[in-house]
Every structure is written in C-alpha cells, then in structure tokens.
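Chemist: Below is the file start_18.tsv, with TSV, C-alpha atoms.
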```
chain	number	residue	atom	x	y	z
X	1	MET	CA	-25.25	4.65	2.01
X	2	PRO	CA	-21.85	4.08	3.60
X	3	GLY	CA	-23.14	1.91	6.43
X	4	SER	CA	-24.88	-0.62	4.24
X	5	ARG	CA	-22.12	-0.43	1.66
X	6	HIS	CA	-19.56	-1.69	4.14
X	7	SER	CA	-21.80	-4.02	6.13
X	8	ARG	CA	-21.23	-6.98	3.85
X	9	PHE	CA	-17.51	-6.85	4.64
X	10	ALA	CA	-17.92	-6.46	8.39
X	11	SER	CA	-18.39	-10.18	8.95
X	12	LEU	CA	-15.41	-11.22	6.85
X	13	HIS	CA	-12.04	-12.22	8.28
X	14	ASP	CA	-8.95	-10.15	7.45
X	15	VAL	CA	-7.61	-12.94	5.24
X	16	GLU	CA	-10.84	-12.99	3.22
X	17	LEU	CA	-10.73	-9.21	2.88
X	18	CYS	CA	-7.12	-9.44	1.71
X	19	GLY	CA	-8.20	-12.03	-0.85
X	20	LEU	CA	-10.84	-9.64	-2.18
X	21	SER	CA	-8.35	-6.78	-2.16
X	22	VAL	CA	-5.99	-8.80	-4.34
X	23	THR	CA	-8.71	-8.77	-7.00
X	24	GLY	CA	-8.80	-4.97	-6.77
X	25	ASP	CA	-11.81	-4.62	-4.44
X	26	ARG	CA	-11.14	-1.24	-2.87
X	27	ARG	CA	-14.13	-1.43	-0.55
X	28	ALA	CA	-12.89	-4.66	0.98
X	29	PHE	CA	-9.56	-2.98	1.56
X	30	GLY	CA	-11.40	0.01	3.04
X	31	GLU	CA	-12.81	-2.33	5.67
X	32	LEU	CA	-9.26	-3.39	6.56
X	33	VAL	CA	-8.30	0.28	6.89
X	34	ARG	CA	-11.33	0.83	9.11
X	35	ARG	CA	-10.26	-2.06	11.34
X	36	HIS	CA	-6.54	-1.38	11.60
X	37	GLY	CA	-6.13	2.31	10.81
X	38	SER	CA	-6.00	3.36	14.45
X	39	ALA	CA	-3.38	0.73	15.29
X	40	VAL	CA	-1.10	1.85	12.46
X	41	ARG	CA	-1.54	5.52	13.29
X	42	GLY	CA	-0.96	4.69	16.95
X	43	VAL	CA	2.39	3.04	16.23
X	44	LEU	CA	3.53	6.06	14.23
X	45	ARG	CA	2.52	8.45	16.97
X	46	ARG	CA	4.36	6.31	19.48
X	47	MET	CA	7.42	6.49	17.25
X	48	GLY	CA	7.25	10.23	17.83
X	49	ALA	CA	5.45	11.38	14.70
X	50	PRO	CA	3.17	14.39	15.16
X	51	SER	CA	-0.51	13.50	14.63
X	52	ALA	CA	-0.85	15.02	11.15
X	53	GLU	CA	2.39	13.47	9.93
X	54	ALA	CA	1.44	10.11	11.45
X	55	ASP	CA	-1.85	10.22	9.55
X	56	ASP	CA	-0.09	11.10	6.28
X	57	VAL	CA	2.39	8.26	6.66
X	58	ALA	CA	-0.34	5.84	7.71
X	59	GLN	CA	-2.29	6.74	4.56
X	60	ASP	CA	0.79	6.18	2.43
X	61	ALA	CA	1.38	2.88	4.21
X	62	PHE	CA	-2.14	1.65	3.43
X	63	ILE	CA	-1.86	2.76	-0.20
X	64	THR	CA	1.46	0.90	-0.45
X	65	ALA	CA	-0.13	-2.12	1.23
X	66	PHE	CA	-2.96	-2.10	-1.32
X	67	GLU	CA	-0.49	-1.92	-4.20
X	68	ARG	CA	1.54	-4.76	-2.73
X	69	ILE	CA	-1.34	-6.78	-1.30
X	70	ALA	CA	-0.46	-9.76	-3.50
X	71	GLU	CA	2.82	-10.03	-1.57
X	72	PHE	CA	0.94	-10.51	1.72
X	73	ARG	CA	0.85	-14.26	2.27
X	74	GLY	CA	-1.31	-14.20	5.38
X	75	GLU	CA	1.46	-15.79	7.46
X	76	GLY	CA	1.25	-13.02	10.05
X	77	ALA	CA	-1.43	-10.53	10.94
X	78	PHE	CA	-2.37	-7.97	8.31
X	79	ALA	CA	-2.04	-5.15	10.86
X	80	ALA	CA	1.52	-6.23	11.73
X	81	TRP	CA	2.44	-6.20	8.05
X	82	VAL	CA	1.09	-2.68	7.52
X	83	LYS	CA	2.74	-1.47	10.74
X	84	LYS	CA	6.11	-2.59	9.40
X	85	ILE	CA	5.47	-0.78	6.12
X	86	ALA	CA	4.40	2.34	8.02
X	87	ALA	CA	7.44	2.28	10.31
X	88	ARG	CA	9.79	2.00	7.33
X	89	LEU	CA	7.99	4.79	5.48
X	90	TYR	CA	8.22	7.06	8.50
X	91	LEU	CA	11.94	6.41	8.84
X	92	ARG	CA	12.43	7.07	5.14
X	93	ARG	CA	10.62	10.36	5.59
X	94	LEU	CA	12.82	11.25	8.54
X	95	GLN	CA	15.90	10.43	6.50
X	96	ARG	CA	14.61	12.43	3.55
X	97	ASP	CA	13.97	15.43	5.76
X	98	ARG	CA	17.35	14.84	7.44
X	99	LYS	CA	15.65	14.69	10.80
X	100	LEU	CA	17.06	11.30	11.70
X	101	GLY	CA	20.59	12.66	12.08
X	102	LEU	CA	19.29	15.44	14.29
X	103	LEU	CA	17.42	12.95	16.45
X	104	ALA	CA	20.55	10.82	16.79
X	105	ALA	CA	22.61	13.86	17.79
X	106	GLU	CA	19.90	14.84	20.23
X	107	ALA	CA	20.03	11.35	21.73
X	108	ILE	CA	23.73	11.71	22.57
X	109	GLU	CA	23.02	14.89	24.48
X	110	ASP	CA	20.11	13.28	26.31
X	111	GLU	CA	20.39	13.38	30.05
X	112	PRO	CA	19.35	10.12	31.67
X	113	GLU	CA	15.91	10.66	33.11
X	114	THR	CA	15.34	9.97	36.73
X	115	PRO	CA	12.62	7.36	37.14
X	116	ARG	CA	9.51	8.77	38.67
X	117	GLY	CA	8.96	7.08	42.00
X	118	ASP	CA	5.23	7.40	42.31
X	119	ALA	CA	3.85	4.01	41.41
X	120	ASP	CA	0.41	5.02	42.55
X	121	ALA	CA	-0.58	6.69	39.29
X	122	ALA	CA	-1.45	4.45	36.39
X	123	ILE	CA	0.98	5.70	33.76
X	124	ASP	CA	-0.01	4.77	30.26
X	125	LEU	CA	2.42	3.82	27.58
X	126	GLU	CA	2.22	7.18	25.84
X	127	GLU	CA	3.34	8.96	28.96
X	128	ALA	CA	6.06	6.42	29.62
X	129	LEU	CA	7.42	6.73	26.09
X	130	LYS	CA	7.96	10.45	26.61
X	131	VAL	CA	10.74	9.57	29.05
X	132	LEU	CA	12.75	7.99	26.24
X	133	GLY	CA	15.14	9.81	23.95
X	134	ALA	CA	13.98	10.18	20.36
X	135	VAL	CA	16.08	7.35	18.95
X	136	GLU	CA	15.39	5.07	21.91
X	137	ARG	CA	11.72	5.68	21.37
X	138	LEU	CA	12.04	4.88	17.69
X	139	CYS	CA	13.97	1.70	18.37
X	140	VAL	CA	11.68	0.42	21.11
X	141	THR	CA	8.51	1.20	19.16
X	142	MET	CA	9.86	-0.35	15.98
X	143	CYS	CA	10.78	-3.56	17.81
X	144	PHE	CA	7.80	-3.86	20.14
X	145	GLY	CA	5.12	-1.86	18.35
X	146	ALA	CA	5.84	-2.51	14.67
X	147	GLY	CA	7.28	-5.97	15.22
X	148	LEU	CA	10.63	-5.44	13.52
X	149	SER	CA	13.63	-7.47	14.64
X	150	HIS	CA	16.73	-5.67	15.88
X	151	SER	CA	18.48	-6.25	12.57
X	152	GLU	CA	15.48	-5.01	10.56
X	153	ALA	CA	15.34	-1.90	12.74
X	154	ALA	CA	19.08	-1.36	12.34
X	155	GLU	CA	18.77	-1.65	8.58
X	156	ALA	CA	15.80	0.71	8.46
X	157	LEU	CA	17.49	3.23	10.74
X	158	ASN	CA	20.81	2.84	8.96
X	159	LEU	CA	22.50	2.32	12.32
X	160	PRO	CA	24.86	-0.42	13.49
X	161	LEU	CA	23.08	-3.40	15.02
X	162	GLY	CA	24.90	-2.96	18.33
X	163	THR	CA	23.75	0.66	18.55
X	164	VAL	CA	20.13	-0.34	18.02
X	165	LYS	CA	20.42	-3.05	20.66
X	166	SER	CA	21.86	-0.53	23.11
X	167	HIS	CA	19.05	1.93	22.39
X	168	VAL	CA	16.44	-0.79	22.90
X	169	LYS	CA	18.07	-1.94	26.11
X	170	ARG	CA	18.29	1.56	27.53
X	171	GLY	CA	14.77	2.31	26.40
X	172	LEU	CA	13.44	-0.81	28.06
X	173	GLU	CA	15.22	0.03	31.29
X	174	LYS	CA	13.66	3.48	31.33
X	175	LEU	CA	10.23	2.16	30.45
X	176	ARG	CA	10.46	-0.44	33.11
X	177	ALA	CA	11.50	2.07	35.68
X	178	ARG	CA	8.56	4.17	34.62
X	179	LEU	CA	5.98	1.44	34.28
X	180	ALA	CA	7.11	-0.80	37.13
X	181	PRO	CA	9.33	1.19	39.49
X	182	GLU	CA	9.40	-1.54	42.09
X	183	ASN	CA	11.50	-3.83	39.84
X	184	GLY	CA	15.15	-3.03	39.49
X	185	VAL	CA	16.29	-5.88	37.26
X	186	VAL	CA	18.47	-4.96	34.32
X	187	LEU	CA	16.93	-6.02	31.05
X	188	GLU	CA	18.86	-7.90	28.46
X	189	GLY	CA	16.31	-7.72	25.66
X	190	ARG	CA	14.71	-10.82	24.23
X	191	ARG	CA	14.84	-9.68	20.62
X	192	GLY	CA	18.52	-10.27	20.12
X	193	ASN	CA	17.83	-12.10	16.90
X	194	GLY	CA	19.99	-9.94	14.74
G	1	MET	CA	12.07	-14.53	33.35
G	2	VAL	CA	11.18	-11.18	34.86
G	3	GLU	CA	12.43	-9.36	31.78
G	4	LEU	CA	10.45	-11.69	29.51
G	5	ASP	CA	7.31	-10.95	31.49
G	6	PHE	CA	7.96	-7.25	31.14
G	7	GLU	CA	8.54	-7.53	27.41
G	8	ARG	CA	5.30	-9.45	26.99
G	9	ARG	CA	3.54	-6.81	29.02
G	10	LEU	CA	5.09	-4.15	26.84
G	11	GLU	CA	3.97	-5.96	23.69
G	12	ARG	CA	0.44	-6.13	25.07
G	13	LEU	CA	0.57	-2.42	25.86
G	14	PHE	CA	1.76	-1.66	22.34
G	15	ALA	CA	-0.93	-3.91	20.87
G	16	SER	CA	-3.72	-2.20	22.76
G	17	VAL	CA	-4.32	0.94	20.77
G	18	PRO	CA	-7.62	2.67	21.43
G	19	GLU	CA	-9.84	3.28	18.40
G	20	LEU	CA	-9.26	6.85	17.34
G	21	PRO	CA	-12.40	9.00	17.09
G	22	ASP	CA	-11.81	9.83	13.42
G	23	ALA	CA	-11.11	6.24	12.37
G	24	ALA	CA	-13.99	6.21	9.87
G	25	THR	CA	-12.93	9.52	8.35
G	26	PHE	CA	-9.38	8.24	8.00
G	27	ALA	CA	-10.59	5.08	6.25
G	28	ASP	CA	-12.76	7.15	3.90
G	29	ARG	CA	-9.75	9.32	3.03
G	30	VAL	CA	-7.69	6.26	2.17
G	31	GLU	CA	-10.53	4.85	0.05
G	32	ARG	CA	-10.87	8.17	-1.77
G	33	ARG	CA	-7.12	8.19	-2.49
G	34	LEU	CA	-7.33	4.64	-3.81
G	35	ALA	CA	-10.28	5.59	-6.01
G	36	ALA	CA	-8.47	8.70	-7.27
G	37	GLY	CA	-5.43	6.59	-8.13
G	38	TRP	CA	-7.65	4.17	-10.04
G	39	ILE	CA	-9.34	6.99	-11.97
G	40	ALA	CA	-5.93	8.48	-12.83
G	41	ARG	CA	-4.78	5.07	-14.02
G	42	ARG	CA	-7.83	4.68	-16.26
G	43	TRP	CA	-7.27	8.14	-17.71
G	44	LEU	CA	-3.65	7.26	-18.36
G	45	ILE	CA	-4.65	4.06	-20.12
G	46	GLY	CA	-7.22	5.97	-22.16
G	47	ALA	CA	-4.71	8.68	-23.07
G	48	ALA	CA	-2.16	6.03	-24.03
G	49	GLY	CA	-4.82	4.43	-26.24
G	50	VAL	CA	-5.62	7.74	-27.97
G	51	VAL	CA	-1.93	8.50	-28.54
G	52	GLY	CA	-1.41	4.97	-29.86
G	53	GLY	CA	-4.43	5.33	-32.14
G	54	VAL	CA	-3.22	8.65	-33.52
G	55	ILE	CA	0.25	7.22	-34.16
G	56	GLY	CA	-1.29	4.13	-35.77
G	57	ALA	CA	-3.57	6.20	-37.97
G	58	SER	CA	-0.74	8.49	-39.07
G	59	GLN	CA	1.38	5.46	-39.91
G	60	LEU	CA	-1.46	4.01	-41.95
G	61	MET	CA	-1.86	7.25	-43.87
G	62	LEU	CA	1.86	7.54	-44.46
G	63	SER	CA	2.09	4.03	-45.85
G	64	ASN	CA	-0.56	4.75	-48.56
G	65	VAL	CA	-2.76	2.12	-47.04
G	66	PHE	CA	-5.91	3.74	-48.42
G	67	GLN	CA	-4.77	3.28	-51.98
G	68	ARG	CA	-4.00	-0.34	-51.18
G	69	VAL	CA	-7.39	-0.77	-49.56
G	70	GLU	CA	-9.04	0.68	-52.65
G	71	THR	CA	-7.10	-1.78	-54.76
G	72	ALA	CA	-8.16	-4.53	-52.37
G	73	GLY	CA	-11.74	-3.27	-52.69
G	74	ASP	CA	-11.52	-3.47	-56.45
G	75	SER	CA	-10.14	-6.96	-56.15
G	76	ALA	CA	-12.96	-7.92	-53.82
G	77	ARG	CA	-15.49	-6.47	-56.24
G	78	LEU	CA	-13.88	-8.42	-59.05
G	79	LEU	CA	-13.93	-11.56	-56.92
G	80	SER	CA	-17.58	-11.10	-56.02
G	81	THR	CA	-18.47	-10.59	-59.66
G	82	SER	CA	-16.66	-13.81	-60.46
G	83	PHE	CA	-18.52	-15.57	-57.67
G	84	ASN	CA	-21.78	-14.24	-59.00
G	85	HIS	CA	-20.97	-15.65	-62.35
G	86	MET	CA	-19.93	-18.97	-60.83
G	87	SER	CA	-22.87	-19.45	-58.49
G	88	THR	CA	-26.25	-17.88	-58.81
G	89	GLY	CA	-27.12	-19.07	-55.27
G	90	ALA	CA	-24.49	-16.84	-53.69
G	91	ASP	CA	-26.48	-13.58	-53.91
G	92	TRP	CA	-25.97	-12.82	-50.22
G	93	TYR	CA	-22.22	-12.50	-50.68
G	94	ALA	CA	-22.62	-9.99	-53.47
G	95	ALA	CA	-24.92	-7.93	-51.25
G	96	VAL	CA	-22.30	-7.43	-48.55
G	97	SER	CA	-19.19	-7.25	-50.66
G	98	GLY	CA	-20.20	-4.30	-52.79
G	99	GLY	CA	-17.81	-1.31	-52.78
G	100	GLY	CA	-15.19	-2.85	-50.51
G	101	THR	CA	-17.48	-2.55	-47.46
G	102	VAL	CA	-16.38	-5.93	-46.18
G	103	VAL	CA	-12.75	-4.86	-46.09
G	104	TRP	CA	-13.60	-1.70	-44.17
G	105	VAL	CA	-15.82	-3.51	-41.68
G	106	ALA	CA	-13.15	-6.18	-41.13
G	107	ALA	CA	-10.47	-3.52	-40.63
G	108	GLY	CA	-12.68	-1.65	-38.16
G	109	LEU	CA	-13.41	-4.81	-36.21
G	110	ALA	CA	-9.71	-5.67	-36.13
G	111	VAL	CA	-8.85	-2.22	-34.75
G	112	ILE	CA	-11.57	-2.50	-32.08
G	113	MET	CA	-10.34	-5.98	-31.13
G	114	MET	CA	-6.75	-4.76	-30.90
G	115	GLY	CA	-7.80	-1.82	-28.77
G	116	PHE	CA	-9.75	-4.13	-26.46
G	117	VAL	CA	-6.85	-6.56	-26.12
G	118	LEU	CA	-4.39	-3.73	-25.49
G	119	THR	CA	-6.63	-2.16	-22.83
G	120	ARG	CA	-7.02	-5.52	-21.09
G	121	MET	CA	-3.28	-6.13	-21.20
G	122	ILE	CA	-2.46	-2.71	-19.76
G	123	GLY	CA	-5.18	-3.21	-17.17
G	124	GLU	CA	-3.62	-6.52	-16.11
G	125	ILE	CA	-0.20	-4.89	-15.81
```
Can the structure from this file be put into structure tokens for me?
Modeler:
Amino acid sequence: MPGSRHSRFASLHDVELCGLSVTGDRRAFGELVRRHGSAVRGVLRRMGAPSAEADDVAQDAFITAFERIAEFRGEGAFAAWVKKIAARLYLRRLQRDRKLGLLAAEAIEDEPETPRGDADAAIDLEEALKVLGAVERLCVTMCFGAGLSHSEAAEALNLPLGTVKSHVKRGLEKLRARLAPENGVVLEGRRGNG
Amino acid sequence: MVELDFERRLERLFASVPELPDAATFADRVERRLAAGWIARRWLIGAAGVVGGVIGASQLMLSNVFQRVETAGDSARLLSTSFNHMSTGADWYAAVSGGGTVVWVAAGLAVIMMGFVLTRMIGEI
C-alpha cells in the first residue's frame, strides 16, 4: 500500500533521507521527490519551459540527483541543489535543440514593456514573469529561483557575465514595475558576485 | 536598501511554489524510472556474468584443462590410496576423494566464489 509504504519516511528530515538514498534506498529518495518535486517543476516552468518539458527535465534532474547523491554534502538545502541541476539540464536541452540562440535573438527584438499601472490587482509572480523577455526570464529565474550566481548563470547560458548581469538588471526593473509600480528606484542587483 | 528588500521579496516569491496537484504521480514516475534503471543494471550485470562465464568456460576447454583435471584426479586417487595404506584411521578421506570428486567440487566452489565476488564488485561500482 503506497501510503503505509512511504509513511515511515514522512517524519524524517531531508538530510536523513539523503543519507538513506546514498545507500541506494529508492523509496527514501521517492519521499524527497514527493516533497520537492513541485518546487523543481515550478522553477522550470518559471524559466519558460512548457509544462510537459518541465516535467521531463525535472524527472531527469531527480534521476541525476539520485545518481550523484553522494556528492550532496548537506551544506545547502536539497531542493536548492536539485533546482540547480534542473536549471542546468534545461539550458543544456535548449542548447541541444538550438533554442537558446533563438531566444537570445528574440530578446534583442523585444520591445520594452510598459509597466501596468493598476496596482490594485494582486499580480502573482507567474503573471509578472510573462512581462520579461525570454532570456531575461531565464536569467532572473536562474539567479533568484534556482539560486545560481551571476557567473554560474553566465557559464550555463554560455553568455558573457556582463550580458547576464544586464539581463538580470532589466528583468528586475520590469518585475519591480509590475509587482510594485509605486516604486521607481533603479535596481543594481545584489548578486553581483561574479 | 529598497532594492535589497525587493530582491528578498522576489526570493520569497520564487520560494513559494504551490504544491502541484499531480505531485504524487510525478514522484511515482520518478521512482518507477529509478526502479527500471536498477532492473536494467542488474540485467546488465547478469548478462556480463553469463558472457564472462561462457568466455571462461571456452578458455578452459581450449586449454585442455579437462585432461589435466583427469590427471589431477588420478593423482588424487593415487594419493588417497597411499593415505589409506599409511593410516587405517583415515577412511573418511578415501570416501570423499574417490574418482576426483574433491577436485571437481573444489573447482565448482571456486567458480561460485569468483562469480559472487565479481557480482559484488560490479555492484559496488
């Protein structure tokens, strides 16, 4: 019975489940997938992946995580570690399908969106992200959703660091205009660690 | 300061992902893929063992090992006869050593042990 099968893992901490997974316990790892699957899929969708593709990549990311679980030292959160794997896998897929170049070209042609003035409606992040160009969206989500630094994102995207910083900065400005239209301060971007 | 606040807010927004309705199905799919990978791995190990066994057996046949074993069996029989002559109390040894059985049993055990060790080693890798 699936419920009882997984119940003994429900009370365990992520670190304990990772410890069991290192020994090859697939059910313990399944509990980790149950806990963090939505978060990983969510990041991929926010990066612009269609639902089915996001699910495929998320599955691959968890399989990769299981194979490399011994490398996870527990210094950060397990979910953050898998999100980074997933983000890199998605980018690799985009590069393989030669979609990344198209997205970059698309970004150059992007018209700057006019911030929507109606602050009355509670705009969720998904809606706000739609305002961003494809590459801006990728960069912002990789840095704020998947927890990559600017330099890691630049390496994964195969773009110059300065370009990634510019995309993040522009993306943040648009998001801010969308999420908090009353503030007009230009953002500098805290993650200038590259 | 204002931008830091916004970035923290953004991080919180990114961190708050609602549980997707098919989360359990997704986890089951991943578990099934992991299980399938494990089964494939076991089949591969098994197939590698069979291939290794066939190669080993063919090598044994090619090197006339059976003739040598028969010679060894004769030697063992000769030895056991000598032992029988030397010690009348050693009847148990004669019982098991007849017809080179001991050599065959030892060889079989050695092959099983080697197979077990190899499987464990591949499993660890």
Chemist: Residues of chain G near chain X: apply a cut-off of 7 Å, count all atoms listed in the file, and supply the list as a list in words.
Modeler: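 Close to chain X, chain G has Glu3, Leu4, Glu11, Leu13, Phe14, Ala15, Val17, Glu19, Leu20, Ala23, Ala24, Ala27, Val30, Glu31 and Leu34 of chain G.
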Chemist: Next, dump the selected residues to file, keeping only C-alpha atoms, as an mmCIF file, in the frame of the given file.
Modeler:
```
data_model
loop_
_atom_site.group_PDB
_atom_site.id
_atom_site.type_symbol
_atom_site.label_atom_id
_atom_site.label_comp_id
_atom_site.auth_asym_id
_atom_site.auth_seq_id
_atom_site.Cartn_x
_atom_site.Cartn_y
_atom_site.Cartn_z
ATOM 1 C CA GLU G 3 12.430 -9.360 31.780
ATOM 2 C CA LEU G 4 10.450 -11.690 29.510
ATOM 3 C CA GLU G 11 3.970 -5.960 23.690
ATOM 4 C CA LEU G 13 0.570 -2.420 25.860
ATOM 5 C CA PHE G 14 1.760 -1.660 22.340
ATOM 6 C CA ALA G 15 -0.930 -3.910 20.870
ATOM 7 C CA VAL G 17 -4.320 0.940 20.770
ATOM 8 C CA GLU G 19 -9.840 3.280 18.400
ATOM 9 C CA LEU G 20 -9.260 6.850 17.340
ATOM 10 C CA ALA G 23 -11.110 6.240 12.370
ATOM 11 C CA ALA G 24 -13.990 6.210 9.870
ATOM 12 C CA ALA G 27 -10.590 5.080 6.250
ATOM 13 C CA VAL G 30 -7.690 6.260 2.170
ATOM 14 C CA GLU G 31 -10.530 4.850 0.050
ATOM 15 C CA LEU G 34 -7.330 4.640 -3.810
#
```
Chemist: Which residue out of X:Arg68, X:Arg178, X:His167, X:His150 has the minimum interatomic distance to Ala128 (chain X) when only C-alpha atoms are used?
Modeler: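 That would be X:Arg178, the residue with the smallest distance to Ala128 (chain X).
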Chemist: Could you jot down the CA of Ala70 (chain X) to CA of Thr23 (chain X) separation for me, Å, one decimal place?
Modeler: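 Distance reported for this atom pair: 9.0 Å.
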Chemist: Report the distance between CA of Val105 (chain G) and CA of Phe66 (chain G) in Å, rounded to one decimal place.
Modeler: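 Here the two named atoms are 14.0 Å from each other.
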Chemist: What is the distance between CA of Asn64 (chain G) and CA of Leu109 (chain G), in Å to one decimal?
Modeler: 20.2 Å
Chemist: Between X:Met47, X:Ser151, X:Glu136, X:Thr163, single out the one closest to Leu91 (chain X), counting only C-alpha atoms.
Modeler: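 Among X:Met47, X:Ser151, X:Glu136, X:Thr163, it is X:Met47 that comes nearest to Leu91 (chain X).
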Chemist: If we count all atoms listed in the file, what is near Lys174 (chain X) at a cut-off of 8 Å, once residues fewer than 2 positions away on the same chain are taken out, given as a list in words?
Modeler: Glu113, Pro115, Val131, Leu132, Arg170, Gly171, Leu172, Arg176, Ala177 and Arg178 of chain X
Chemist: Just write region 20-56 of chain G with C-alpha atoms, as a compact mmCIF listing (two decimals), in the first residue's frame, taken from the block above.
Modeler:
```txt
# COMPACT_ATOMS: atom_id res chain seq x y z
CA LEU G 20 1.09 20.80 -7.87
CA PRO G 21 -1.99 18.55 -7.96
CA ASP G 22 -0.12 15.67 -9.60
CA ALA G 23 2.85 15.80 -7.22
CA ALA G 24 2.32 12.21 -6.05
CA THR G 25 2.01 10.92 -9.61
CA PHE G 26 5.20 12.74 -10.55
CA ALA G 27 7.07 11.20 -7.61
CA ASP G 28 5.77 7.74 -8.53
CA ARG G 29 7.01 8.22 -12.10
CA VAL G 30 10.47 9.14 -10.86
CA GLU G 31 10.51 6.13 -8.52
CA ARG G 32 9.45 3.85 -11.38
CA ARG G 33 12.26 5.23 -13.56
CA LEU G 34 14.75 4.65 -10.76
CA ALA G 35 13.49 1.09 -10.31
CA ALA G 36 13.64 0.46 -14.07
CA GLY G 37 17.22 1.72 -14.14
CA TRP G 38 18.10 -0.61 -11.28
CA ILE G 39 16.50 -3.60 -13.01
CA ALA G 40 18.36 -2.77 -16.23
CA ARG G 41 21.59 -2.55 -14.27
CA ARG G 42 21.00 -5.95 -12.68
CA TRP G 43 20.25 -7.47 -16.08
CA LEU G 44 23.43 -5.94 -17.43
CA ILE G 45 25.46 -7.37 -14.56
CA GLY G 46 23.82 -10.76 -15.09
CA ALA G 47 24.47 -10.66 -18.84
CA ALA G 48 28.08 -9.65 -18.21
CA GLY G 49 28.39 -12.60 -15.83
CA VAL G 50 26.99 -15.04 -18.41
CA VAL G 51 29.28 -13.71 -21.15
CA GLY G 52 32.23 -13.90 -18.76
CA GLY G 53 31.28 -17.45 -17.80
CA VAL G 54 31.00 -18.54 -21.43
CA ILE G 55 34.37 -17.00 -22.26
CA GLY G 56 35.90 -18.59 -19.16
```
